>>> print(open('query29.csv').read())   # CSV, C-alpha atoms and all ligand atoms
chain,number,residue,atom,x,y,z
I,1,MET,CA,-18.8,14.2,0.0
I,2,ALA,CA,-21.8,13.2,-2.2
I,3,LEU,CA,-23.3,9.8,-1.4
I,4,ARG,CA,-21.4,7.1,-3.2
I,5,HIS,CA,-21.8,3.3,-3.3
I,6,LEU,CA,-19.6,0.4,-4.4
I,7,ILE,CA,-21.9,-1.7,-6.6
I,8,SER,CA,-19.6,-2.4,-9.6
I,9,ILE,CA,-16.0,-1.6,-10.5
I,10,HIS,CA,-17.5,-0.4,-13.8
I,11,ASP,CA,-18.8,2.7,-11.8
I,12,LEU,CA,-15.3,3.7,-10.6
I,13,THR,CA,-12.8,5.8,-12.5
I,14,ALA,CA,-9.3,4.5,-13.0
I,15,ALA,CA,-8.2,7.4,-10.7
I,16,GLU,CA,-10.6,6.2,-7.9
I,17,VAL,CA,-9.2,2.6,-8.2
I,18,ALA,CA,-5.7,4.0,-8.0
I,19,GLY,CA,-6.8,6.1,-4.9
I,20,LEU,CA,-8.3,3.0,-3.2
I,21,PHE,CA,-5.1,1.1,-3.8
I,22,ARG,CA,-3.0,3.9,-2.4
I,23,LEU,CA,-5.2,4.1,0.7
I,24,SER,CA,-5.2,0.2,1.0
I,25,ALA,CA,-1.4,0.2,1.0
I,26,GLU,CA,-1.3,3.0,3.7
I,27,VAL,CA,-3.9,1.1,5.8
I,28,LYS,CA,-1.9,-2.1,5.5
I,29,ALA,CA,1.4,-0.4,6.3
I,30,GLU,CA,0.1,1.8,9.2
I,31,PRO,CA,-3.1,0.3,10.5
I,32,ALA,CA,-2.9,2.3,13.8
I,33,LYS,CA,-3.2,5.6,11.8
I,34,PHE,CA,-6.8,4.8,11.1
I,35,HIS,CA,-7.8,3.3,14.4
I,36,ASN,CA,-10.4,6.1,15.2
I,37,HIS,CA,-11.5,7.0,11.7
I,38,LEU,CA,-14.9,5.2,12.0
I,39,HIS,CA,-15.4,5.9,15.7
I,40,ARG,CA,-19.1,5.1,16.5
I,41,LYS,CA,-20.0,4.3,12.9
I,42,THR,CA,-22.0,1.2,12.3
I,43,LEU,CA,-22.1,-1.1,9.2
I,44,GLY,CA,-25.0,-3.4,8.7
I,45,MET,CA,-24.0,-6.6,6.8
I,46,ILE,CA,-26.9,-8.3,5.1
I,47,PHE,CA,-26.1,-11.9,4.1
I,48,GLU,CA,-28.4,-14.1,2.0
I,49,LYS,CA,-25.4,-16.4,1.3
I,50,SER,CA,-22.6,-18.0,3.3
I,51,SER,CA,-19.3,-16.2,3.8
I,52,THR,CA,-16.0,-16.5,5.6
I,53,ARG,CA,-13.7,-13.9,4.2
I,54,THR,CA,-16.2,-11.1,3.4
I,55,ARG,CA,-18.0,-11.4,6.7
I,56,VAL,CA,-14.8,-11.6,8.9
I,57,SER,CA,-12.8,-9.0,7.0
I,58,PHE,CA,-15.6,-6.4,7.0
I,59,GLU,CA,-16.3,-7.0,10.7
I,60,VAL,CA,-12.7,-6.9,11.7
I,61,GLY,CA,-12.1,-3.9,9.6
I,62,MET,CA,-14.9,-2.0,11.2
I,63,ALA,CA,-13.7,-3.0,14.7
I,64,GLN,CA,-10.0,-2.0,13.9
I,65,MET,CA,-11.2,1.5,12.9
I,66,GLY,CA,-13.3,2.1,16.0
I,67,GLY,CA,-16.7,1.2,14.5
I,68,HIS,CA,-19.1,-1.7,14.8
I,69,ALA,CA,-20.4,-4.2,12.3
I,70,LEU,CA,-23.8,-5.9,12.6
I,71,PHE,CA,-24.3,-9.3,11.0
I,72,LEU,CA,-27.8,-9.5,9.6
I,73,SER,CA,-28.6,-12.9,8.2
I,74,SER,CA,-31.5,-12.7,5.7
I,75,ARG,CA,-33.0,-15.7,7.6
I,76,ASP,CA,-33.3,-13.6,10.7
I,77,ILE,CA,-34.4,-10.2,9.4
I,78,GLN,CA,-37.8,-9.4,8.0
I,79,LEU,CA,-36.4,-9.0,4.5
I,80,GLY,CA,-36.3,-12.9,4.4
I,81,ARG,CA,-40.0,-13.0,5.3
I,82,GLY,CA,-41.0,-10.7,2.4
I,83,GLU,CA,-40.6,-7.1,3.9
I,84,PRO,CA,-40.0,-4.9,0.8
I,85,ILE,CA,-36.4,-4.0,0.0
I,86,SER,CA,-37.4,-0.3,-0.2
I,87,ASP,CA,-38.7,-0.3,3.4
I,88,THR,CA,-35.7,-2.3,4.6
I,89,ALA,CA,-33.4,0.3,2.9
I,90,LYS,CA,-35.2,3.3,4.3
I,91,VAL,CA,-35.4,2.0,7.8
I,92,LEU,CA,-31.8,0.8,8.0
I,93,SER,CA,-30.7,4.2,6.7
I,94,ARG,CA,-32.2,5.7,9.9
I,95,TYR,CA,-29.9,3.5,12.1
I,96,LEU,CA,-26.8,2.7,10.2
I,97,ASP,CA,-23.9,4.6,8.5
I,98,GLY,CA,-23.5,2.0,5.7
I,99,ILE,CA,-24.8,-1.3,4.4
I,100,MET,CA,-22.8,-4.2,2.9
I,101,ALA,CA,-24.9,-6.8,1.3
I,102,ARG,CA,-24.3,-10.3,-0.2
I,103,THR,CA,-27.4,-11.3,-2.2
I,104,PHE,CA,-28.6,-13.7,-4.9
I,105,ALA,CA,-30.3,-11.2,-7.2
I,106,HIS,CA,-28.1,-8.3,-8.2
I,107,GLN,CA,-31.1,-6.0,-8.1
I,108,THR,CA,-31.4,-6.4,-4.3
I,109,VAL,CA,-28.2,-4.5,-3.9
I,110,THR,CA,-29.0,-1.9,-6.5
I,111,ASP,CA,-32.5,-1.4,-4.8
I,112,LEU,CA,-30.8,-1.0,-1.4
I,113,ALA,CA,-28.8,1.8,-2.9
I,114,LYS,CA,-31.8,3.2,-4.8
I,115,TYR,CA,-34.1,3.4,-1.8
I,116,GLY,CA,-31.6,4.0,1.1
I,117,SER,CA,-29.8,7.1,1.9
I,118,ILE,CA,-26.4,5.6,3.1
I,119,PRO,CA,-23.5,4.0,1.2
I,120,VAL,CA,-24.1,0.5,-0.1
I,121,ILE,CA,-21.3,-1.9,-0.7
I,122,ASN,CA,-21.8,-5.0,-2.9
I,123,GLY,CA,-20.4,-8.0,-1.0
I,124,LEU,CA,-21.2,-10.3,-3.9
I,125,THR,CA,-24.2,-10.9,-6.0
I,126,ASP,CA,-25.0,-13.6,-8.5
I,127,GLU,CA,-23.5,-11.2,-11.1
I,128,LEU,CA,-20.6,-9.3,-9.5
I,129,HIS,CA,-18.0,-9.4,-6.7
I,130,PRO,CA,-16.3,-6.0,-6.9
I,131,CYS,CA,-14.5,-6.0,-3.4
I,132,GLN,CA,-12.8,-9.3,-4.4
I,133,SER,CA,-11.6,-8.1,-7.8
I,134,LEU,CA,-10.3,-4.8,-6.3
I,135,CYS,CA,-8.4,-6.9,-3.9
I,136,ASP,CA,-7.1,-9.2,-6.7
I,137,TYR,CA,-5.7,-6.3,-8.7
I,138,PHE,CA,-4.3,-4.7,-5.5
I,139,THR,CA,-2.5,-8.0,-4.8
I,140,LEU,CA,-1.0,-7.8,-8.3
I,141,THR,CA,0.3,-4.3,-7.7
I,142,GLU,CA,2.2,-5.8,-4.7
I,143,VAL,CA,3.4,-8.8,-6.7
I,144,PHE,CA,4.7,-6.8,-9.7
I,145,GLY,CA,6.0,-3.7,-7.8
I,146,GLY,CA,3.3,-1.1,-8.3
I,147,LEU,CA,0.2,-0.1,-10.3
I,148,ASP,CA,2.4,1.3,-13.1
I,149,LYS,CA,3.9,-2.2,-13.5
I,150,LEU,CA,0.6,-3.7,-14.5
I,151,ARG,CA,0.0,-1.9,-17.8
I,152,GLY,CA,0.4,-4.3,-20.7
I,153,ARG,CA,0.2,-7.4,-18.5
I,154,LYS,CA,-2.6,-9.9,-18.9
I,155,LEU,CA,-4.8,-11.6,-16.3
I,156,THR,CA,-6.4,-14.8,-17.5
I,157,TYR,CA,-9.5,-16.2,-15.8
I,158,VAL,CA,-10.2,-19.9,-16.6
I,159,GLY,CA,-13.6,-21.3,-15.8
I,160,ASP,CA,-17.2,-20.3,-15.2
I,161,GLY,CA,-18.3,-17.0,-16.7
I,162,ASN,CA,-19.6,-16.0,-13.2
I,163,ASN,CA,-19.6,-13.0,-10.8
I,164,MET,CA,-15.8,-13.2,-10.5
I,165,ALA,CA,-15.3,-13.3,-14.2
I,166,HIS,CA,-17.5,-10.2,-14.7
I,167,SER,CA,-15.8,-8.2,-12.0
I,168,LEU,CA,-12.3,-9.2,-13.1
I,169,MET,CA,-13.2,-8.0,-16.6
I,170,PHE,CA,-14.2,-4.6,-15.2
I,171,GLY,CA,-11.2,-4.3,-13.0
I,172,ALA,CA,-8.6,-5.0,-15.7
I,173,SER,CA,-9.1,-1.8,-17.8
I,174,LYS,CA,-9.1,0.3,-14.6
I,175,VAL,CA,-5.5,-0.9,-13.9
I,176,GLY,CA,-4.4,-0.9,-17.5
I,177,MET,CA,-4.3,-4.7,-17.9
I,178,ASP,CA,-5.6,-7.0,-20.6
I,179,VAL,CA,-8.0,-9.7,-19.5
I,180,ALA,CA,-8.7,-13.1,-21.1
I,181,ILE,CA,-11.7,-15.2,-20.1
I,182,ALA,CA,-11.7,-18.8,-21.1
I,183,SER,CA,-14.9,-20.7,-20.4
I,184,PRO,CA,-16.5,-23.9,-21.8
I,185,LYS,CA,-19.2,-23.4,-24.3
I,186,GLY,CA,-22.5,-22.5,-22.6
I,187,TYR,CA,-20.7,-21.1,-19.5
I,188,GLU,CA,-19.4,-17.9,-21.0
I,189,VAL,CA,-19.7,-14.4,-19.4
I,190,GLN,CA,-22.9,-12.5,-19.9
I,191,GLY,CA,-23.1,-10.5,-23.0
I,192,LYS,CA,-24.2,-7.3,-21.3
I,193,TYR,CA,-21.2,-7.3,-19.0
I,194,LEU,CA,-18.8,-8.2,-21.9
I,195,GLU,CA,-20.1,-5.3,-23.9
I,196,LEU,CA,-19.6,-2.8,-21.1
I,197,ALA,CA,-16.2,-4.2,-20.3
I,198,ARG,CA,-15.2,-3.9,-24.0
I,199,GLN,CA,-16.3,-0.2,-24.0
I,200,ASP,CA,-14.2,0.4,-20.9
I,201,ALA,CA,-11.3,-1.4,-22.4
I,202,ALA,CA,-11.5,0.5,-25.7
I,203,ALA,CA,-11.4,3.8,-23.7
I,204,ALA,CA,-8.5,2.6,-21.6
I,205,GLY,CA,-6.5,1.1,-24.5
I,206,THR,CA,-6.7,-2.4,-23.1
I,207,GLN,CA,-8.1,-5.7,-24.4
I,208,VAL,CA,-10.8,-8.1,-23.3
I,209,ILE,CA,-10.5,-11.5,-24.9
I,210,VAL,CA,-13.1,-14.3,-24.6
I,211,THR,CA,-12.4,-17.8,-25.8
I,212,ASN,CA,-13.2,-21.4,-25.3
I,213,ASP,CA,-9.5,-22.4,-25.4
I,214,PRO,CA,-7.8,-22.2,-22.0
I,215,ARG,CA,-4.2,-22.7,-23.4
I,216,GLU,CA,-4.6,-19.8,-25.8
I,217,ALA,CA,-6.0,-17.6,-23.0
I,218,VAL,CA,-3.2,-18.5,-20.6
I,219,ALA,CA,-0.4,-17.9,-23.1
I,220,GLY,CA,1.6,-14.9,-22.0
I,221,ALA,CA,-0.5,-14.3,-18.8
I,222,SER,CA,1.1,-12.7,-15.7
I,223,ALA,CA,-1.8,-13.9,-13.5
I,224,VAL,CA,-4.0,-17.0,-13.8
I,225,TYR,CA,-7.2,-17.0,-11.9
I,226,THR,CA,-10.0,-19.5,-11.4
I,227,ASP,CA,-13.1,-20.0,-9.3
I,228,VAL,CA,-15.5,-22.7,-8.4
I,229,TRP,CA,-17.5,-24.5,-11.1
I,230,ALA,CA,-20.8,-24.2,-9.2
I,231,SER,CA,-21.3,-20.9,-7.3
I,232,MET,CA,-23.5,-20.3,-4.3
I,233,GLY,CA,-27.1,-20.8,-5.5
I,234,GLN,CA,-26.1,-23.3,-8.2
I,235,GLU,CA,-25.9,-26.4,-5.9
I,236,GLN,CA,-28.6,-28.3,-7.9
I,237,GLU,CA,-26.4,-27.9,-11.1
I,238,ALA,CA,-23.2,-29.1,-9.4
I,239,GLN,CA,-23.2,-32.6,-10.9
I,240,GLU,CA,-24.0,-31.3,-14.4
I,241,ARG,CA,-21.3,-28.6,-14.1
I,242,LEU,CA,-18.8,-31.2,-12.8
I,243,ARG,CA,-19.2,-33.0,-16.2
I,244,ALA,CA,-19.3,-29.8,-18.3
I,245,PHE,CA,-16.0,-28.6,-16.8
I,246,GLN,CA,-14.0,-31.8,-17.2
I,247,GLY,CA,-10.6,-30.8,-18.7
I,248,TRP,CA,-10.9,-27.3,-17.3
I,249,THR,CA,-8.8,-27.8,-14.2
I,250,VAL,CA,-6.0,-25.3,-13.7
I,251,ASP,CA,-2.9,-27.6,-13.3
I,252,SER,CA,0.8,-27.3,-13.7
I,253,ALA,CA,0.6,-28.1,-17.4
I,254,LEU,CA,-1.8,-25.2,-18.0
I,255,MET,CA,0.3,-22.9,-15.8
I,256,ALA,CA,3.3,-23.7,-17.9
I,257,HIS,CA,1.7,-21.7,-20.8
I,258,ALA,CA,1.8,-18.5,-18.7
I,259,ARG,CA,4.8,-16.2,-18.3
I,260,PRO,CA,7.5,-17.6,-16.0
I,261,GLU,CA,6.8,-15.0,-13.3
I,262,ALA,CA,3.0,-15.6,-13.4
I,263,VAL,CA,1.1,-16.0,-10.2
I,264,PHE,CA,-2.0,-18.0,-9.4
I,265,LEU,CA,-5.0,-16.4,-7.8
I,266,HIS,CA,-8.3,-17.7,-6.5
I,267,CYS,CA,-11.0,-15.8,-4.6
I,268,LEU,CA,-11.6,-18.9,-2.4
I,269,PRO,CA,-13.2,-21.1,-1.2
I,270,ALA,CA,-11.4,-23.5,-3.6
I,271,HIS,CA,-12.2,-27.1,-4.5
I,272,ARG,CA,-8.8,-28.7,-5.0
I,273,GLY,CA,-9.1,-31.5,-7.6
I,274,GLU,CA,-11.9,-29.6,-9.4
I,275,GLU,CA,-11.1,-26.1,-10.7
I,276,VAL,CA,-7.5,-26.2,-9.5
I,277,THR,CA,-5.0,-28.9,-8.5
I,278,ALA,CA,-3.6,-28.9,-5.0
I,279,GLU,CA,-0.1,-28.6,-6.7
I,280,VAL,CA,-1.0,-25.2,-8.2
I,281,ALA,CA,-3.2,-23.9,-5.3
I,282,ASP,CA,-0.5,-24.7,-2.7
I,283,GLY,CA,2.5,-24.3,-5.0
I,284,PRO,CA,5.2,-21.6,-5.4
I,285,GLN,CA,3.2,-19.5,-7.9
I,286,SER,CA,0.1,-19.3,-5.6
I,287,ARG,CA,-0.7,-16.0,-3.8
I,288,ILE,CA,-4.1,-17.1,-2.5
I,289,TYR,CA,-3.4,-16.3,1.2
I,290,ASP,CA,-1.9,-12.9,0.5
I,291,GLU,CA,-4.9,-12.3,-1.7
I,292,ALA,CA,-7.3,-13.3,1.1
I,293,GLU,CA,-5.5,-11.1,3.6
I,294,ASN,CA,-5.8,-8.1,1.2
I,295,ARG,CA,-9.6,-8.3,1.5
I,296,LEU,CA,-9.2,-6.7,4.9
I,297,HIS,CA,-7.0,-3.9,3.7
I,298,ILE,CA,-8.9,-3.0,0.6
I,299,GLN,CA,-12.2,-3.1,2.5
I,300,LYS,CA,-10.9,-0.8,5.2
I,301,ALA,CA,-10.0,1.6,2.3
I,302,ILE,CA,-13.5,1.3,0.9
I,303,LEU,CA,-15.1,1.9,4.3
I,304,LEU,CA,-12.8,4.9,4.9
I,305,TRP,CA,-13.8,6.3,1.5
I,306,LEU,CA,-17.5,5.7,1.7
I,307,MET,CA,-18.2,6.1,5.4
I,308,GLY,CA,-15.2,7.9,6.9
I,309,GLY,CA,-14.9,10.9,4.5
I,310,VAL,CA,-11.4,10.1,3.5
I,311,GLU,CA,-10.6,11.4,0.0
I,312,ILE,CA,-9.1,9.0,-2.5
I,401,LIG,N1,-13.9,-14.7,-1.6
I,401,LIG,C1,-15.0,-14.6,-0.8
I,401,LIG,O1,-15.8,-13.7,-1.0
I,401,LIG,O2,-15.0,-15.4,0.2
I,401,LIG,P1,-16.2,-15.6,1.2
I,401,LIG,O3,-17.4,-16.3,0.4
I,401,LIG,O4,-15.7,-16.6,2.3
I,401,LIG,O5,-16.7,-14.3,1.8
I,402,LIG,N1,-18.4,-17.5,-7.7
I,402,LIG,C1,-18.4,-17.8,-6.3
I,402,LIG,C2,-17.5,-16.8,-5.5
I,402,LIG,C3,-17.4,-17.0,-4.0
I,402,LIG,C4,-16.6,-16.0,-3.4
I,402,LIG,C5,-19.8,-17.8,-5.7
I,402,LIG,O1,-20.5,-16.9,-6.1
I,402,LIG,O2,-20.1,-18.7,-5.0
>>> encode(input="query29.csv", output="structure tokens")
Amino acid sequence: MALRHLISIHDLTAAEVAGLFRLSAEVKAEPAKFHNHLHRKTLGMIFEKSSTRTRVSFEVGMAQMGGHALFLSSRDIQLGRGEPISDTAKVLSRYLDGIMARTFAHQTVTDLAKYGSIPVINGLTDELHPCQSLCDYFTLTEVFGGLDKLRGRKLTYVGDGNNMAHSLMFGASKVGMDVAIASPKGYEVQGKYLELARQDAAAAGTQVIVTNDPREAVAGASAVYTDVWASMGQEQEAQERLRAFQGWTVDSALMAHARPEAVFLHCLPAHRGEEVTAEVADGPQSRIYDEAENRLHIQKAILLWLMGGVEI
């Protein structure tokens, strides 16, 4: 198979997303079937930022499939002391079978792919979080009974126009869903990602809606999603953002505008009392722990595809 990366969902075809979902479902139902598929393969995991789910699910996924994952904190490798990304990528390519990286600058991940010669997986950048969004839409296939049951439904994201919002926009058209993004003025999604997502949506016959009105966005939604108001790297803006996002909490009153069968999703970590009330996050519509569990299954499928030679 030609060298492939997972940098953005925009780079995947709808058929590849469907293939990853089929493989994830198989991995989830019959994990033992894949226990030796990554025998003696090693994944290097570069982290410039904190992580619970991404780190643990990739490491456990590699171990369950007979491989090994190396945790490489940028604080401890020479990259953090100024070694060029190009040298890091070329050298790591001589040892490893794949790299997963969580970085601040998106370009760090694209440069790892550009200069290295092994698959690179984006484990979150300031701009995108593709593994999470694939997992989110996979979770919706389980909730609504299959990929074919998603077409025509709407996912609404309420909050900061951040990495999650961008990747959710890209994921929607690949699964035939409409997506609405409601953000306060000044915190909207980036224009370059909106434009690309609109092109994808036009080709797929789906819609991308951006608005400053959360109620309008949630009306008719089958899934309501939110994320923190201050992402990793924005700690110094936290107080200002707390003020700017007043009134943007996803609560039961807002959820009432969605369809009766709507579910609540959140990538986690969550700040109950800020972007979501405890009543919603821990209530009957919430699927946050199924969603978190699915990080493991979807990432095993990604690893099998990129590093294990499994066709999707
Ligand atoms: N959702 C997610 O990526 O979680 P972590 O930051 O814990 O990896
Ligand atoms: N937007 C959040 C997502 C965390 C998984 C952040 O970047 O911190």
>>> residues_near_ligand(input="query29.csv", ligand="ligand LIG 402 (chain I)", cutoff="12 Å", atoms="all atoms listed in the file", output="MDAnalysis selection string")
chainID I and resid 48:55 102:106 123:133 159:168 225:235 238 266:271 275 292 295
>>> write_last_selection(input="query29.csv", atoms="C-alpha atoms", output="PDB file, keeping the file's coordinate frame")
ATOM      1  CA  GLU I  48     -28.400 -14.100   2.000  1.00  0.00           C
ATOM      2  CA  LYS I  49     -25.400 -16.400   1.300  1.00  0.00           C
ATOM      3  CA  SER I  50     -22.600 -18.000   3.300  1.00  0.00           C
ATOM      4  CA  SER I  51     -19.300 -16.200   3.800  1.00  0.00           C
ATOM      5  CA  THR I  52     -16.000 -16.500   5.600  1.00  0.00           C
ATOM      6  CA  ARG I  53     -13.700 -13.900   4.200  1.00  0.00           C
ATOM      7  CA  THR I  54     -16.200 -11.100   3.400  1.00  0.00           C
ATOM      8  CA  ARG I  55     -18.000 -11.400   6.700  1.00  0.00           C
ATOM      9  CA  ARG I 102     -24.300 -10.300  -0.200  1.00  0.00           C
ATOM     10  CA  THR I 103     -27.400 -11.300  -2.200  1.00  0.00           C
ATOM     11  CA  PHE I 104     -28.600 -13.700  -4.900  1.00  0.00           C
ATOM     12  CA  ALA I 105     -30.300 -11.200  -7.200  1.00  0.00           C
ATOM     13  CA  HIS I 106     -28.100  -8.300  -8.200  1.00  0.00           C
ATOM     14  CA  GLY I 123     -20.400  -8.000  -1.000  1.00  0.00           C
ATOM     15  CA  LEU I 124     -21.200 -10.300  -3.900  1.00  0.00           C
ATOM     16  CA  THR I 125     -24.200 -10.900  -6.000  1.00  0.00           C
ATOM     17  CA  ASP I 126     -25.000 -13.600  -8.500  1.00  0.00           C
ATOM     18  CA  GLU I 127     -23.500 -11.200 -11.100  1.00  0.00           C
ATOM     19  CA  LEU I 128     -20.600  -9.300  -9.500  1.00  0.00           C
ATOM     20  CA  HIS I 129     -18.000  -9.400  -6.700  1.00  0.00           C
ATOM     21  CA  PRO I 130     -16.300  -6.000  -6.900  1.00  0.00           C
ATOM     22  CA  CYS I 131     -14.500  -6.000  -3.400  1.00  0.00           C
ATOM     23  CA  GLN I 132     -12.800  -9.300  -4.400  1.00  0.00           C
ATOM     24  CA  SER I 133     -11.600  -8.100  -7.800  1.00  0.00           C
ATOM     25  CA  GLY I 159     -13.600 -21.300 -15.800  1.00  0.00           C
ATOM     26  CA  ASP I 160     -17.200 -20.300 -15.200  1.00  0.00           C
ATOM     27  CA  GLY I 161     -18.300 -17.000 -16.700  1.00  0.00           C
ATOM     28  CA  ASN I 162     -19.600 -16.000 -13.200  1.00  0.00           C
ATOM     29  CA  ASN I 163     -19.600 -13.000 -10.800  1.00  0.00           C
ATOM     30  CA  MET I 164     -15.800 -13.200 -10.500  1.00  0.00           C
ATOM     31  CA  ALA I 165     -15.300 -13.300 -14.200  1.00  0.00           C
ATOM     32  CA  HIS I 166     -17.500 -10.200 -14.700  1.00  0.00           C
ATOM     33  CA  SER I 167     -15.800  -8.200 -12.000  1.00  0.00           C
ATOM     34  CA  LEU I 168     -12.300  -9.200 -13.100  1.00  0.00           C
ATOM     35  CA  TYR I 225      -7.200 -17.000 -11.900  1.00  0.00           C
ATOM     36  CA  THR I 226     -10.000 -19.500 -11.400  1.00  0.00           C
ATOM     37  CA  ASP I 227     -13.100 -20.000  -9.300  1.00  0.00           C
ATOM     38  CA  VAL I 228     -15.500 -22.700  -8.400  1.00  0.00           C
ATOM     39  CA  TRP I 229     -17.500 -24.500 -11.100  1.00  0.00           C
ATOM     40  CA  ALA I 230     -20.800 -24.200  -9.200  1.00  0.00           C
ATOM     41  CA  SER I 231     -21.300 -20.900  -7.300  1.00  0.00           C
ATOM     42  CA  MET I 232     -23.500 -20.300  -4.300  1.00  0.00           C
ATOM     43  CA  GLY I 233     -27.100 -20.800  -5.500  1.00  0.00           C
ATOM     44  CA  GLN I 234     -26.100 -23.300  -8.200  1.00  0.00           C
ATOM     45  CA  GLU I 235     -25.900 -26.400  -5.900  1.00  0.00           C
ATOM     46  CA  ALA I 238     -23.200 -29.100  -9.400  1.00  0.00           C
ATOM     47  CA  HIS I 266      -8.300 -17.700  -6.500  1.00  0.00           C
ATOM     48  CA  CYS I 267     -11.000 -15.800  -4.600  1.00  0.00           C
ATOM     49  CA  LEU I 268     -11.600 -18.900  -2.400  1.00  0.00           C
ATOM     50  CA  PRO I 269     -13.200 -21.100  -1.200  1.00  0.00           C
ATOM     51  CA  ALA I 270     -11.400 -23.500  -3.600  1.00  0.00           C
ATOM     52  CA  HIS I 271     -12.200 -27.100  -4.500  1.00  0.00           C
ATOM     53  CA  GLU I 275     -11.100 -26.100 -10.700  1.00  0.00           C
ATOM     54  CA  ALA I 292      -7.300 -13.300   1.100  1.00  0.00           C
ATOM     55  CA  ARG I 295      -9.600  -8.300   1.500  1.00  0.00           C
TER      56      ARG I 295
END
>>> closest_residue(input="query29.csv", among="I:Ala113, I:Ala182, I:Met45, I:Leu147", to="ligand LIG 401 (chain I)", atoms="all atoms listed in the file")
I:Met45
>>> closest_residue(input="query29.csv", among="I:Ser24, I:Thr42, I:Ser73, I:Ser8", to="Phe138 in chain I", atoms="only C-alpha atoms")
I:Ser24
>>> closest_residue(input="query29.csv", among="I:Leu304, I:Asn122, I:Ala2, I:His39", to="ligand LIG 401 (chain I)", atoms="only C-alpha atoms and all ligand atoms")
I:Asn122
>>> atom_distance(input="query29.csv", atom1="CA of Phe21 in chain I", atom2="CA of Glu291 in chain I")
13.6 Å
>>> closest_residue(input="query29.csv", among="I:Thr156, I:Thr13, I:Gln199, I:Gln239", to="Ala180 in chain I", atoms="all atoms listed in the file")
I:Thr156
>>> closest_residue(input="query29.csv", among="I:Ala217, I:Ala223, I:Ala197, I:Val250", to="His10 in chain I", atoms="all atoms listed in the file")
I:Ala197
>>> closest_residue(input="query29.csv", among="I:Pro31, I:Ile181, I:Gly98, I:Gln78", to="Leu303 in chain I", atoms="all atoms listed in the file")
I:Gly98
>>> atom_distance(input="query29.csv", atom1="CA of Asp136 in chain I", atom2="CA of Glu237 in chain I")
27.2 Å
>>> atom_distance(input="query29.csv", atom1="CA of Gln207 in chain I", atom2="CA of Asp178 in chain I")
4.7 Å
>>> residues_around(input="query29.csv", residues="range 251-256 of chain I", least_positions_apart="2", cutoff="8 Å", atoms="only C-alpha atoms", output="MDAnalysis selection string")
chainID I and resid 214:215 218 224 249 258:260 276:277 279:280
>>> residues_near_point(input="query29.csv", point="(-6.4, -1.8, -14.8)", cutoff="12 Å", atoms="all atoms listed in the file", output="ChimeraX atom specification")
/I:9-10,12-18,21,133-134,136-138,140-141,146-155,167-179,197,200-201,203-208
>>> residues_around(input="query29.csv", residues="Gln246 in chain I", least_positions_apart="4", cutoff="9 Å", atoms="only C-alpha atoms", output="list in words")
Arg241, Leu242 and Glu274 of chain I
>>> residues_around(input="query29.csv", residues="Leu96 in chain I", least_positions_apart="3", cutoff="12 Å", atoms="all atoms listed in the file", output="list in words")
Arg40, Lys41, Thr42, Leu43, Gly44, Met45, Gly67, His68, Ala69, Leu70, Thr88, Ala89, Lys90, Val91, Leu92, Ser93, Ile99, Met100, Gly116, Ser117, Ile118, Pro119, Val120 and Met307 of chain I
